[in-house]
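Here's the structure, in structure tokens; my notes come after.
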Amino acid sequence: MGRPRQEVKPDPGPALLALYDQALPQVYGYLLSRCGRRALAEDLTAETFLAAVEAVRKEAPPDLSAA
């Protein structure tokens, strides 16, 4: 008997980069308009995309079920 097969997951990197390229101006523009400080908006934008990378790396939560 062999080991159970592991599911091969597609690499989310290219999709995340495409999202980053598309969303960066909107995210930065929104944050800049809200806080009014360029450096702070840049930091918040970086934190936003770092959180997205972290979320992509996590395993999906199990399906909800009624006990």
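Here's how to read the names in the structure tokens: chain A, B, ... by the order shown, residue numbers from 1 in each chain, ligand numbers from 1 in the order shown.
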
Q: Considering only C-alpha atoms, return as an MDAnalysis selection string whatever protein or nucleic-acid residues lie within 12 Å of region 2-19 of chain A, sequence-local ones (same chain, fewer than 3 positions apart) excluded.
A: chainID A and resid 22:27 49:60

Q) Between CA of Leu31 (chain A) and CA of Asp43 (chain A), what is the distance, to one decimal in Å? A) 9.7 Å

(Q) as JSON, numbers by chain, please: the residues near Tyr28 (chain A) (cut-off 8 Å, only C-alpha atoms, same-chain neighbours under 4 positions excluded). (A) {"A": [24, 32, 41, 42, 45]}

Q. Would you give me, as a count of residues only, the residues in chain A that DSSP reads as alpha helix (DSSP H)?
A. 43
